[in-house]
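**Q** This is run_14.cif (mmCIF, C-alpha atoms and all ligand atoms).
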```cif
data_work
#
loop_
_atom_site.label_atom_id
_atom_site.label_comp_id
_atom_site.auth_asym_id
_atom_site.auth_seq_id
_atom_site.Cartn_x
_atom_site.Cartn_y
_atom_site.Cartn_z
CA MET A 182 85.87 93.83 94.83
CA SER A 183 87.57 91.50 92.41
CA LEU A 184 90.87 92.55 90.93
CA GLN A 185 91.29 93.46 87.31
CA ALA A 186 94.74 92.33 86.23
CA VAL A 187 97.00 94.65 84.26
CA ASN A 188 100.37 93.99 82.66
CA LYS A 189 103.21 94.84 85.08
CA ILE A 190 103.91 95.31 88.78
CA TRP A 191 106.94 97.12 90.21
CA MET A 192 108.86 94.91 92.66
CA ASN A 193 112.08 96.01 94.37
CA GLY A 194 113.20 98.13 91.46
CA SER A 195 112.02 96.23 88.41
CA LEU A 196 108.80 95.82 86.49
CA VAL A 197 107.67 92.20 86.48
CA ASN A 198 104.69 90.52 84.84
CA TRP A 199 101.47 90.69 86.89
CA GLU A 200 101.33 86.90 87.30
CA ASP A 201 104.97 86.70 88.40
CA ALA A 202 104.62 89.25 91.22
CA LYS A 203 104.76 86.56 93.93
CA ILE A 204 106.18 86.18 97.43
CA HIS A 205 107.11 83.24 99.70
CA VAL A 206 104.57 81.91 102.23
CA LEU A 207 107.11 82.58 104.98
CA THR A 208 107.11 86.30 104.23
CA HIS A 209 107.24 87.98 107.63
CA ALA A 210 104.40 90.39 106.86
CA LEU A 211 102.03 87.56 105.95
CA HIS A 212 102.40 86.12 109.46
CA TYR A 213 102.58 89.25 111.57
CA GLY A 214 101.07 92.09 109.54
CA THR A 215 104.39 93.93 109.34
CA GLY A 216 103.71 95.97 106.26
CA VAL A 217 102.70 99.53 105.49
CA PHE A 218 100.92 100.72 102.40
CA GLU A 219 99.26 103.53 100.53
CA GLY A 220 96.17 103.92 98.42
CA ILE A 221 96.48 106.63 95.78
CA ARG A 222 94.42 107.51 92.74
CA CYS A 223 95.53 108.60 89.30
CA TYR A 224 92.95 110.56 87.29
CA SER A 225 92.61 111.45 83.66
CA THR A 226 92.85 115.23 83.06
CA PRO A 227 93.07 117.42 79.94
CA SER A 228 96.84 117.76 80.58
CA GLY A 229 97.30 113.99 80.84
CA SER A 230 97.06 111.44 83.64
CA ALA A 231 97.71 112.88 87.08
CA VAL A 232 98.46 111.37 90.46
CA PHE A 233 96.39 113.05 93.16
CA ARG A 234 98.43 114.49 96.05
CA HIS A 235 101.28 112.19 95.15
CA ARG A 236 103.95 113.66 97.45
CA GLU A 237 101.63 113.65 100.48
CA HIS A 238 100.83 109.96 99.97
CA ILE A 239 104.46 108.95 99.55
CA SER A 240 105.45 111.03 102.53
CA ARG A 241 102.77 109.27 104.62
CA LEU A 242 104.14 105.92 103.40
CA PHE A 243 107.56 106.88 104.75
CA ASP A 244 106.01 108.03 108.05
CA SER A 245 104.14 104.71 108.39
CA ALA A 246 107.37 102.82 107.68
CA LYS A 247 109.23 104.88 110.28
CA LEU A 248 106.61 104.08 112.94
CA TYR A 249 107.26 100.38 112.26
CA TYR A 250 111.06 100.80 112.26
CA MET A 251 111.36 100.02 108.55
CA ASP A 252 113.99 101.74 106.43
CA ILE A 253 112.76 102.03 102.86
CA PRO A 254 115.73 101.36 100.57
CA TYR A 255 114.63 104.10 98.11
CA SER A 256 114.15 107.84 98.32
CA GLN A 257 110.70 109.42 98.15
CA GLU A 258 111.60 110.75 94.69
CA GLN A 259 112.54 107.26 93.51
CA ILE A 260 109.21 105.85 94.73
CA MET A 261 107.30 108.67 93.03
CA GLN A 262 109.14 107.98 89.80
CA ALA A 263 108.42 104.25 90.17
CA VAL A 264 104.70 105.01 90.61
CA LYS A 265 104.71 107.01 87.38
CA ASP A 266 106.70 104.32 85.52
CA THR A 267 104.23 101.66 86.66
CA ILE A 268 101.23 103.65 85.45
CA LYS A 269 102.89 104.45 82.12
CA THR A 270 103.99 100.92 81.36
CA ASN A 271 100.47 99.67 81.98
CA ARG A 272 99.04 102.37 79.71
CA LEU A 273 96.29 103.32 82.15
CA ASP A 274 94.93 106.83 82.03
CA LYS A 275 93.20 106.42 85.39
CA CYS A 276 93.78 103.85 88.11
CA TYR A 277 94.18 103.04 91.78
CA ILE A 278 97.79 102.79 93.01
CA ARG A 279 98.89 100.50 95.83
CA PRO A 280 102.48 100.92 97.02
CA ILE A 281 103.37 98.49 99.82
CA VAL A 282 106.49 98.20 101.99
CA PHE A 283 106.74 94.99 103.95
CA ARG A 284 109.01 92.72 105.95
CA GLY A 285 109.98 89.99 103.55
CA TYR A 286 111.36 86.46 103.63
CA GLY A 287 114.24 85.24 105.78
CA GLU A 288 113.34 85.73 109.45
CA MET A 289 110.56 84.39 111.65
CA GLY A 290 109.60 85.49 115.13
CA LEU A 291 108.63 88.80 116.57
CA ASN A 292 111.91 90.61 116.08
CA PRO A 293 111.56 91.82 112.51
CA LEU A 294 114.60 94.07 112.47
CA ASN A 295 116.77 91.67 110.48
CA ALA A 296 114.08 90.76 107.97
CA PRO A 297 114.43 92.42 104.56
CA VAL A 298 112.22 95.38 103.66
CA ASP A 299 110.56 94.75 100.29
CA VAL A 300 108.78 97.36 98.22
CA SER A 301 106.16 96.86 95.57
CA ILE A 302 103.82 99.10 93.57
CA ALA A 303 100.72 97.75 91.86
CA VAL A 304 98.11 99.64 89.85
CA TRP A 305 94.71 98.55 88.62
CA PRO A 306 91.41 100.07 87.47
CA TRP A 307 89.15 100.64 90.50
CA GLY A 308 85.71 102.21 90.23
CA ALA A 309 83.45 103.67 92.91
CA TYR A 310 84.39 101.99 96.23
CA LEU A 311 80.92 102.15 97.74
CA GLY A 312 79.10 101.95 94.41
CA GLU A 313 78.13 104.62 91.85
CA GLU A 314 74.73 104.86 93.49
CA GLY A 315 76.40 105.44 96.87
CA LEU A 316 78.38 108.37 95.46
CA GLU A 317 75.22 109.92 94.12
CA LYS A 318 72.52 109.07 96.63
CA GLY A 319 74.46 108.31 99.81
CA ILE A 320 74.97 105.14 101.81
CA ARG A 321 73.56 103.49 104.94
CA VAL A 322 76.01 103.25 107.82
CA LYS A 323 75.98 101.39 111.13
CA THR A 324 78.17 101.87 114.20
CA SER A 325 80.26 98.78 114.74
CA SER A 326 80.56 97.04 118.09
CA TYR A 327 84.30 96.98 117.38
CA GLN A 328 86.18 100.10 118.45
CA ARG A 329 88.87 101.73 116.37
CA ILE A 330 92.28 100.64 117.69
CA PRO A 331 93.40 103.25 120.24
CA SER A 332 96.66 104.99 119.40
CA ASN A 333 98.44 103.66 122.50
CA THR A 334 97.73 100.14 121.20
CA LEU A 335 98.80 100.75 117.61
CA PRO A 336 99.76 104.04 115.99
CA SER A 337 96.58 105.18 114.22
CA MET A 338 98.60 107.49 112.01
CA ALA A 339 100.33 104.49 110.44
CA LYS A 340 98.67 102.83 107.49
CA ALA A 341 99.86 99.36 108.43
CA THR A 342 98.57 96.12 106.93
CA GLY A 343 98.10 94.42 110.32
CA GLN A 344 95.92 97.26 111.57
CA TYR A 345 93.31 96.53 108.91
CA ILE A 346 91.97 93.40 110.57
CA ASN A 347 90.23 95.82 112.93
CA SER A 348 88.60 97.54 109.95
CA ILE A 349 87.75 94.19 108.37
CA LEU A 350 85.90 92.89 111.44
CA ALA A 351 83.88 96.09 111.63
CA LYS A 352 83.14 95.95 107.92
CA ILE A 353 81.95 92.33 107.93
CA GLU A 354 79.82 92.86 111.03
CA THR A 355 78.01 95.81 109.44
CA MET A 356 77.60 94.19 106.05
CA LYS A 357 76.04 91.16 107.69
CA ALA A 358 73.61 93.49 109.45
CA GLY A 359 72.53 94.75 106.02
CA TYR A 360 74.32 98.11 105.91
CA ASP A 361 76.71 99.50 103.31
CA GLU A 362 79.51 100.59 105.61
CA ALA A 363 80.69 100.64 109.21
CA LEU A 364 81.51 103.50 111.53
CA LEU A 365 83.99 102.95 114.34
CA LEU A 366 84.02 104.87 117.62
CA ASP A 367 87.25 105.51 119.47
CA SER A 368 87.99 103.92 122.86
CA ARG A 369 86.37 106.94 124.59
CA GLY A 370 83.14 106.46 122.64
CA PHE A 371 83.58 109.43 120.30
CA VAL A 372 83.22 109.14 116.54
CA SER A 373 86.48 108.02 114.93
CA GLU A 374 86.19 106.94 111.28
CA GLY A 375 85.00 104.31 108.83
CA PRO A 376 87.01 101.13 108.16
CA GLY A 377 88.64 102.86 105.18
CA GLU A 378 87.30 106.41 105.33
CA ASN A 379 87.33 109.56 107.44
CA ILE A 380 84.02 111.12 108.38
CA PHE A 381 82.63 114.66 108.27
CA ILE A 382 79.33 116.02 109.50
CA VAL A 383 77.56 119.33 108.88
CA ARG A 384 75.44 121.03 111.53
CA ASP A 385 74.06 124.56 111.14
CA ASN A 386 76.37 125.24 108.20
CA VAL A 387 79.53 124.33 110.16
CA ILE A 388 81.62 121.38 109.00
CA TYR A 389 83.04 119.08 111.70
CA THR A 390 85.49 116.18 111.55
CA PRO A 391 87.12 114.15 114.34
CA PRO A 392 90.63 115.27 115.40
CA GLU A 393 93.87 113.28 115.29
CA HIS A 394 93.40 112.18 118.93
CA ALA A 395 90.19 110.33 118.00
CA SER A 396 92.49 107.52 116.69
CA ILE A 397 91.97 108.39 113.04
CA LEU A 398 94.21 107.84 110.07
CA LYS A 399 95.01 111.36 108.93
CA GLY A 400 93.45 111.07 105.54
CA ILE A 401 94.69 113.02 102.60
CA THR A 402 91.17 113.31 101.22
CA ARG A 403 90.18 114.56 104.69
CA ASP A 404 92.81 117.27 104.41
CA SER A 405 91.59 118.10 100.91
CA VAL A 406 87.98 118.44 102.12
CA ILE A 407 89.07 120.66 105.03
CA GLN A 408 90.82 122.94 102.53
CA ILE A 409 87.94 122.87 100.03
CA GLY A 410 85.41 123.62 102.80
CA ARG A 411 87.42 126.65 103.92
CA TYR A 412 87.92 127.78 100.32
CA LEU A 413 84.13 127.70 99.91
CA GLY A 414 83.85 129.96 102.94
CA TYR A 415 82.67 127.44 105.52
CA LYS A 416 83.95 127.08 109.05
CA VAL A 417 85.64 123.68 109.34
CA VAL A 418 86.32 122.44 112.86
CA GLU A 419 88.37 119.44 113.99
CA GLN A 420 86.74 118.38 117.24
CA ASP A 421 85.35 115.37 119.07
CA ILE A 422 81.97 114.29 117.74
CA THR A 423 79.45 112.51 119.96
CA ARG A 424 77.04 109.89 118.69
CA ALA A 425 74.15 112.26 119.35
CA SER A 426 75.55 115.06 117.20
CA LEU A 427 76.17 112.55 114.46
CA TYR A 428 72.55 111.39 114.60
CA LEU A 429 71.34 115.01 114.56
CA ALA A 430 73.64 116.03 111.69
CA ASP A 431 72.15 117.93 108.75
CA GLU A 432 74.64 116.21 106.42
CA ALA A 433 77.30 113.53 106.77
CA LEU A 434 79.93 112.15 104.43
CA PHE A 435 82.84 109.77 104.20
CA THR A 436 86.15 110.68 102.55
CA GLY A 437 88.97 108.47 101.31
CA THR A 438 91.08 107.77 98.29
CA ALA A 439 88.98 104.75 97.35
CA ALA A 440 85.65 106.17 98.63
CA GLU A 441 86.40 109.71 97.34
CA ILE A 442 83.47 111.72 98.75
CA THR A 443 80.58 109.44 99.60
CA PRO A 444 77.51 110.98 101.24
CA ILE A 445 75.90 109.17 104.20
CA ARG A 446 72.11 109.08 104.15
CA GLU A 447 71.40 107.00 107.26
CA ILE A 448 73.27 106.10 110.44
CA ASP A 449 72.02 103.49 112.93
CA GLY A 450 68.46 103.93 111.73
CA TYR A 451 68.58 107.75 111.96
CA GLU A 452 67.73 109.41 108.68
CA ILE A 453 70.26 112.00 107.49
CA GLY A 454 68.60 112.23 104.11
CA GLU A 455 69.63 112.80 100.51
CA PRO A 456 73.05 114.43 99.99
CA GLY A 457 72.77 118.03 101.23
CA LYS A 458 73.87 121.36 99.81
CA ILE A 459 77.34 121.52 101.38
CA THR A 460 78.10 117.88 100.58
CA LYS A 461 77.19 118.50 96.94
CA GLU A 462 79.23 121.70 96.76
CA ILE A 463 82.30 119.94 98.17
CA GLN A 464 81.77 116.94 95.90
CA LYS A 465 81.56 119.20 92.86
CA VAL A 466 84.78 121.06 93.65
CA PHE A 467 86.55 117.78 94.48
CA PHE A 468 85.49 116.15 91.20
CA ASP A 469 86.40 119.30 89.26
CA ILE A 470 89.87 119.27 90.86
CA ILE A 471 90.59 115.62 90.10
CA ASN A 472 89.35 116.02 86.55
CA GLY A 473 91.73 118.95 86.07
CA ARG A 474 88.97 121.55 85.79
CA PHE A 475 89.74 123.66 88.86
CA ASP A 476 92.88 125.80 88.75
CA GLU A 477 92.87 126.84 92.40
CA PHE A 478 94.06 123.40 93.54
CA SER A 479 95.92 122.28 90.42
CA GLY A 480 99.04 121.84 92.58
CA TRP A 481 97.40 118.68 93.93
CA LEU A 482 97.83 116.97 90.57
CA ASP A 483 101.16 115.44 89.62
CA ILE A 484 100.98 115.00 85.84
CA ILE A 485 102.83 111.85 84.80
N1 LIG B 501 90.91 105.93 107.39
C1 LIG B 501 91.28 104.67 107.06
C2 LIG B 501 91.29 103.63 108.12
C3 LIG B 501 91.66 104.40 105.74
O1 LIG B 501 92.02 103.17 105.43
C4 LIG B 501 91.61 105.41 104.77
C5 LIG B 501 91.98 105.12 103.35
C6 LIG B 501 91.23 106.70 105.16
C7 LIG B 501 90.88 106.92 106.49
C8 LIG B 501 91.22 107.85 104.21
O2 LIG B 501 92.54 108.24 103.90
P1 LIG B 501 92.92 108.91 102.50
O3 LIG B 501 92.82 107.84 101.47
O4 LIG B 501 94.31 109.39 102.71
O5 LIG B 501 91.97 110.02 102.29
N2 LIG B 501 91.71 103.79 102.91
C9 LIG B 501 92.38 103.26 101.76
C10 LIG B 501 92.21 101.75 101.67
C11 LIG B 501 90.90 101.27 101.20
C12 LIG B 501 90.90 99.77 100.96
O6 LIG B 501 89.83 99.19 101.01
O7 LIG B 501 91.97 99.19 100.70
C13 LIG B 501 92.00 103.98 100.48
O8 LIG B 501 90.98 104.66 100.43
O9 LIG B 501 92.75 103.87 99.52
#
```
Could you spell out this file's structure in structure tokens?
Ligand code: PPE

**A**
Amino acid sequence: MSLQAVNKIWMNGSLVNWEDAKIHVLTHALHYGTGVFEGIRCYSTPSGSAVFRHREHISRLFDSAKLYYMDIPYSQEQIMQAVKDTIKTNRLDKCYIRPIVFRGYGEMGLNPLNAPVDVSIAVWPWGAYLGEEGLEKGIRVKTSSYQRIPSNTLPSMAKATGQYINSILAKIETMKAGYDEALLLDSRGFVSEGPGENIFIVRDNVIYTPPEHASILKGITRDSVIQIGRYLGYKVVEQDITRASLYLADEALFTGTAAEITPIREIDGYEIGEPGKITKEIQKVFFDIINGRFDEFSGWLDII
């Protein structure tokens, strides 16, 4: 998806012009993938623009940084304030937010510990990740021949830049095969997640999603859907999912900040069908929450 430029980007404590937000080609993270990032959305609500589950995202950013031995030279509160400042200065009422913490310029080689830790926050308008039609009618998914990186190879819980080349290979492979999105299995062969989404299935009115040990990124949208599902009175179970139960699912959906709640209508040639009842119910509550129309979960919105 091509970027839509806005006015300013936050870099190491100051707001710089979009076109001046540059780094050196010998930036450590460019060579070795030593960066961690977040994807957050800000929505327009009747009480003003609101960052969705802001604290949880910033807290995950700090956890990712910790797993890669990076000390962020700001507090979580300072980063949250910087996110708000960046949105305000760009006068966007809704946008995607991309904070990134990365090993900067000054050291080469595989010991990054003396390289500086740089922090940047960019925002831009970003529409439906898998298309408006995908959100409404569901998408076609194919299992990738690439496995999701096992957590004893790289920490799945970290949202690290370098880890995304795994997602990217899976994504390209599936797109070239004519599908909308990939699904990755874990190293044991159980369902893990999409290249940038967690997955849920529904069977006999029970909602299932893979557990942490299936090498997933612990998605914040995933957590939101677990809570919404339970609020709606459904049983939501975190357990290993086999390929067969995926193929026999009554409903299936992807969750993610960018993808929001995208129904899956076909997997590997097995028809799941049009978005089902539970998917639609969850979607409705989710969209009501982010649009500020659902008081029960209003604590998830940080008004800027
Ligand atoms: N798994 C992966 C691998 C992942 O990248 C994401 C988010 C999720 C699960 C869902 O997590 P959460 O956003 O907390 O619900 N992927 C981000 C990056 C997408 C991109 O293309 O860049 C996102 O959705 O912002």

**Q** In Å, with one decimal, what is the gap from CA of Ile448 (chain A) to CA of Lys323 (chain A)?

**A**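 Computed distance, CA of Ile448 (chain A) to CA of Lys323 (chain A), equals 5.5 Å.
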
**Q** Output the neighbourhood of ligand LIG 501 (chain B) as a ChimeraX atom specification, that is, all protein and nucleic acid residues with some atom at most 6 Å from the ligand, counting all atoms listed in the file.

**A** /A:220-221,376-379,398,400-403,436-440

**Q** Identify, on the basis of only C-alpha atoms, every residue whose closest approach to Glu455 (chain A) does not exceed 9 Å; exclude the query and any residue fewer than 2 positions from it along the same chain; express the result as an mmCIF file with C-alpha atoms, in the frame of the given file.

**A**
```cif
data_model
loop_
_atom_site.group_PDB
_atom_site.id
_atom_site.type_symbol
_atom_site.label_atom_id
_atom_site.label_comp_id
_atom_site.auth_asym_id
_atom_site.auth_seq_id
_atom_site.Cartn_x
_atom_site.Cartn_y
_atom_site.Cartn_z
ATOM 1 C CA GLU A 317 75.220 109.920 94.120
ATOM 2 C CA LYS A 318 72.520 109.070 96.630
ATOM 3 C CA GLY A 319 74.460 108.310 99.810
ATOM 4 C CA GLU A 432 74.640 116.210 106.420
ATOM 5 C CA PRO A 444 77.510 110.980 101.240
ATOM 6 C CA ILE A 445 75.900 109.170 104.200
ATOM 7 C CA ARG A 446 72.110 109.080 104.150
ATOM 8 C CA ILE A 453 70.260 112.000 107.490
ATOM 9 C CA GLY A 457 72.770 118.030 101.230
#
```

**Q** So how many Å separate CA of Cys276 (chain A) and CA of Ala309 (chain A), to one decimal?

**A**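 Between CA of Cys276 (chain A) and CA of Ala309 (chain A) the gap is 11.4 Å.
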
**Q** Could you check which residues have any atom within 8 Å of (78.4, 108.7, 103.7), counting all atoms listed in the file with coordinates taken straight from the file, and then list them as a list in words?

**A** Gly315, Gly319, Ile320, Arg321, Val322, Ile380, Ala433, Leu434, Phe435, Ile442, Thr443, Pro444, Ile445 and Arg446 of chain A

**Q** How far is it from CA of Gln328 (chain A) to CA of Leu365 (chain A), in Å with one decimal?

**A** 5.5 Å

**Q** Sort by chain and increasing residue number a table of all residues of region 240-306 of chain A within 12 Å of region 200-203 of chain A, each with its closest pair of atoms and their distance in Å to one decimal, counting only C-alpha atoms, and write it as a tab-separated table.

**A**
```
residue	atom	partner	partner_atom	distance
A:Gly285	CA	A:Lys203	CA	11.5
A:Tyr286	CA	A:Lys203	CA	11.7
A:Asp299	CA	A:Lys203	CA	11.9
A:Val300	CA	A:Ala202	CA	11.5
A:Ser301	CA	A:Ala202	CA	8.9
A:Ile302	CA	A:Ala202	CA	10.2
A:Ala303	CA	A:Ala202	CA	9.4
```

**Q** Do you know which residues are at most 12 Å from region 335-341 of chain A counting only C-alpha atoms, after dropping those on the same chain fewer than 3 positions away, and could you put them as a PyMOL selection string?

**A** chain A and resi 210+213-220+238-251+279-284+329-332+344-348+367+373-374+376-377+392-401

**Q** What would the file look like if the residues just selected were written as a short mmCIF file (atom, residue, chain, number, x, y, z; two decimals), keeping the file's coordinate frame with C-alpha atoms?

**A**
```cif
data_model
loop_
_atom_site.label_atom_id
_atom_site.label_comp_id
_atom_site.auth_asym_id
_atom_site.auth_seq_id
_atom_site.Cartn_x
_atom_site.Cartn_y
_atom_site.Cartn_z
CA ALA A 210 104.40 90.39 106.86
CA TYR A 213 102.58 89.25 111.57
CA GLY A 214 101.07 92.09 109.54
CA THR A 215 104.39 93.93 109.34
CA GLY A 216 103.71 95.97 106.26
CA VAL A 217 102.70 99.53 105.49
CA PHE A 218 100.92 100.72 102.40
CA GLU A 219 99.26 103.53 100.53
CA GLY A 220 96.17 103.92 98.42
CA HIS A 238 100.83 109.96 99.97
CA ILE A 239 104.46 108.95 99.55
CA SER A 240 105.45 111.03 102.53
CA ARG A 241 102.77 109.27 104.62
CA LEU A 242 104.14 105.92 103.40
CA PHE A 243 107.56 106.88 104.75
CA ASP A 244 106.01 108.03 108.05
CA SER A 245 104.14 104.71 108.39
CA ALA A 246 107.37 102.82 107.68
CA LYS A 247 109.23 104.88 110.28
CA LEU A 248 106.61 104.08 112.94
CA TYR A 249 107.26 100.38 112.26
CA TYR A 250 111.06 100.80 112.26
CA MET A 251 111.36 100.02 108.55
CA ARG A 279 98.89 100.50 95.83
CA PRO A 280 102.48 100.92 97.02
CA ILE A 281 103.37 98.49 99.82
CA VAL A 282 106.49 98.20 101.99
CA PHE A 283 106.74 94.99 103.95
CA ARG A 284 109.01 92.72 105.95
CA ARG A 329 88.87 101.73 116.37
CA ILE A 330 92.28 100.64 117.69
CA PRO A 331 93.40 103.25 120.24
CA SER A 332 96.66 104.99 119.40
CA GLN A 344 95.92 97.26 111.57
CA TYR A 345 93.31 96.53 108.91
CA ILE A 346 91.97 93.40 110.57
CA ASN A 347 90.23 95.82 112.93
CA SER A 348 88.60 97.54 109.95
CA ASP A 367 87.25 105.51 119.47
CA SER A 373 86.48 108.02 114.93
CA GLU A 374 86.19 106.94 111.28
CA PRO A 376 87.01 101.13 108.16
CA GLY A 377 88.64 102.86 105.18
CA PRO A 392 90.63 115.27 115.40
CA GLU A 393 93.87 113.28 115.29
CA HIS A 394 93.40 112.18 118.93
CA ALA A 395 90.19 110.33 118.00
CA SER A 396 92.49 107.52 116.69
CA ILE A 397 91.97 108.39 113.04
CA LEU A 398 94.21 107.84 110.07
CA LYS A 399 95.01 111.36 108.93
CA GLY A 400 93.45 111.07 105.54
CA ILE A 401 94.69 113.02 102.60
#
```

**Q** Can you build me a table of region 202-285 of chain A residues sitting at most 8 Å from region 187-193 of chain A, with the closest atom pair per residue and its distance in Å to one decimal, using all atoms listed in the file, sorted by chain and residue number, as CSV?

**A**
```
residue,atom,partner,partner_atom,distance
A:Ala202,CA,A:Ile190,CA,6.6
A:Ala263,CA,A:Trp191,CA,7.3
A:Thr267,CA,A:Trp191,CA,6.4
A:Thr270,CA,A:Lys189,CA,7.2
A:Asn271,CA,A:Asn188,CA,5.7
```

**Q** I'd like the neighbourhood of Asn386 (chain A) as a VMD selection string, where a residue qualifies if any of its atoms comes within 10 Å (using all atoms listed in the file), though same-chain residues fewer than 5 positions away should be ignored.

**A** chain A and resid 415 to 417 431 to 432 458 to 459

**Q** Between A:Pro391, A:Gly308, A:Pro297, A:Gly410, which has the minimum distance to Leu366 (chain A) (counting only C-alpha atoms)?

**A**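 Using only C-alpha atoms, the shortest distance to Leu366 (chain A) belongs to A:Pro391.
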
**Q** Show me the residues around (83.6, 121.7, 107.2) - criterion: an atom at most 9 Å away, all atoms listed in the file counted - as a ChimeraX atom specification.

**A** /A:381-383,386-390,406-411,415-419,459

**Q** Nearest to Glu314 (chain A) among A:Ile253, A:Asp266, A:Asp361, A:Asn472, with distances taken over only C-alpha atoms: which residue is it?

**A**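 Nearest to Glu314 (chain A): A:Asp361.
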
**Q** Smallest atom-to-atom distance to Gly312 (chain A): which of A:Met182, A:Leu427, A:Ile204, A:Ile485, using all atoms listed in the file?

**A**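 Among the listed residues, the smallest separation from Gly312 (chain A) belongs to A:Met182.
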
**Q** Can you list, as a PyMOL selection string, every protein, DNA or RNA residue that comes within 9 Å of Arg424 (chain A) when you count all atoms listed in the file, leaving out same-chain residues fewer than 5 positions away?

**A** chain A and resi 366+370-372+429

**Q** Give the answer as one residue: which of A:Tyr277, A:Tyr224, A:Phe468, A:Trp305 has the shortest atom-to-atom distance to Ser405 (chain A), using all atoms listed in the file?

**A**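 The answer is A:Phe468, which sits nearest to Ser405 (chain A).
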
**Q** Env of Arg474 (chain A): 12 Å cut, atoms = all atoms listed in the file, seq-sep filter 5 positions within chain, self excluded. Answer as a short mmCIF file (atom, residue, chain, number, x, y, z; two decimals) with C-alpha atoms, keeping the file's coordinate frame.

**A**
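Contents of around-v1.cif, freshly written:
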```
data_model
loop_
_atom_site.label_atom_id
_atom_site.label_comp_id
_atom_site.auth_asym_id
_atom_site.auth_seq_id
_atom_site.Cartn_x
_atom_site.Cartn_y
_atom_site.Cartn_z
CA TYR A 224 92.95 110.56 87.29
CA SER A 225 92.61 111.45 83.66
CA THR A 226 92.85 115.23 83.06
CA PRO A 227 93.07 117.42 79.94
CA SER A 228 96.84 117.76 80.58
CA LYS A 465 81.56 119.20 92.86
CA VAL A 466 84.78 121.06 93.65
CA PHE A 467 86.55 117.78 94.48
CA PHE A 468 85.49 116.15 91.20
CA ASP A 469 86.40 119.30 89.26
CA SER A 479 95.92 122.28 90.42
CA LEU A 482 97.83 116.97 90.57
#
```

**Q** Could region 412-423 of chain A be completed with N, CA, C and O atoms and returned as a compact mmCIF listing (two decimals), keeping the file's coordinate frame?

**A**
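To be explicit, this is the file written out as rebuild-v3.txt:
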```
# COMPACT_ATOMS: atom_id res chain seq x y z
N TYR A 412 87.90 127.00 101.58
CA TYR A 412 87.92 127.78 100.32
C TYR A 412 86.50 128.22 99.96
O TYR A 412 86.29 129.34 99.49
N LEU A 413 85.52 127.36 100.23
CA LEU A 413 84.13 127.70 99.91
C LEU A 413 83.52 128.65 100.94
O LEU A 413 82.35 129.03 100.83
N GLY A 414 84.30 128.98 101.96
CA GLY A 414 83.85 129.96 102.94
C GLY A 414 83.20 129.38 104.19
O GLY A 414 82.65 130.11 105.01
N TYR A 415 83.27 128.05 104.34
CA TYR A 415 82.67 127.44 105.52
C TYR A 415 83.67 127.37 106.66
O TYR A 415 84.88 127.31 106.44
N LYS A 416 83.12 127.32 107.87
CA LYS A 416 83.95 127.08 109.05
C LYS A 416 84.13 125.56 109.14
O LYS A 416 83.15 124.81 109.09
N VAL A 417 85.38 125.11 109.22
CA VAL A 417 85.64 123.68 109.34
C VAL A 417 86.37 123.46 110.67
O VAL A 417 87.42 124.07 110.92
N VAL A 418 85.79 122.62 111.51
CA VAL A 418 86.32 122.44 112.86
C VAL A 418 86.71 120.98 113.09
O VAL A 418 85.92 120.08 112.84
N GLU A 419 87.94 120.79 113.60
CA GLU A 419 88.37 119.44 113.99
C GLU A 419 88.08 119.32 115.47
O GLU A 419 88.75 119.93 116.30
N GLN A 420 87.05 118.56 115.82
CA GLN A 420 86.74 118.38 117.24
C GLN A 420 86.00 117.07 117.47
O GLN A 420 85.47 116.47 116.53
N ASP A 421 86.03 116.61 118.74
CA ASP A 421 85.35 115.37 119.07
C ASP A 421 83.87 115.46 118.72
O ASP A 421 83.23 116.47 118.94
N ILE A 422 83.38 114.36 118.15
CA ILE A 422 81.97 114.29 117.74
C ILE A 422 81.30 113.18 118.55
O ILE A 422 81.79 112.05 118.59
N THR A 423 80.19 113.52 119.20
CA THR A 423 79.45 112.51 119.96
C THR A 423 78.50 111.76 119.02
O THR A 423 78.19 112.25 117.93
```
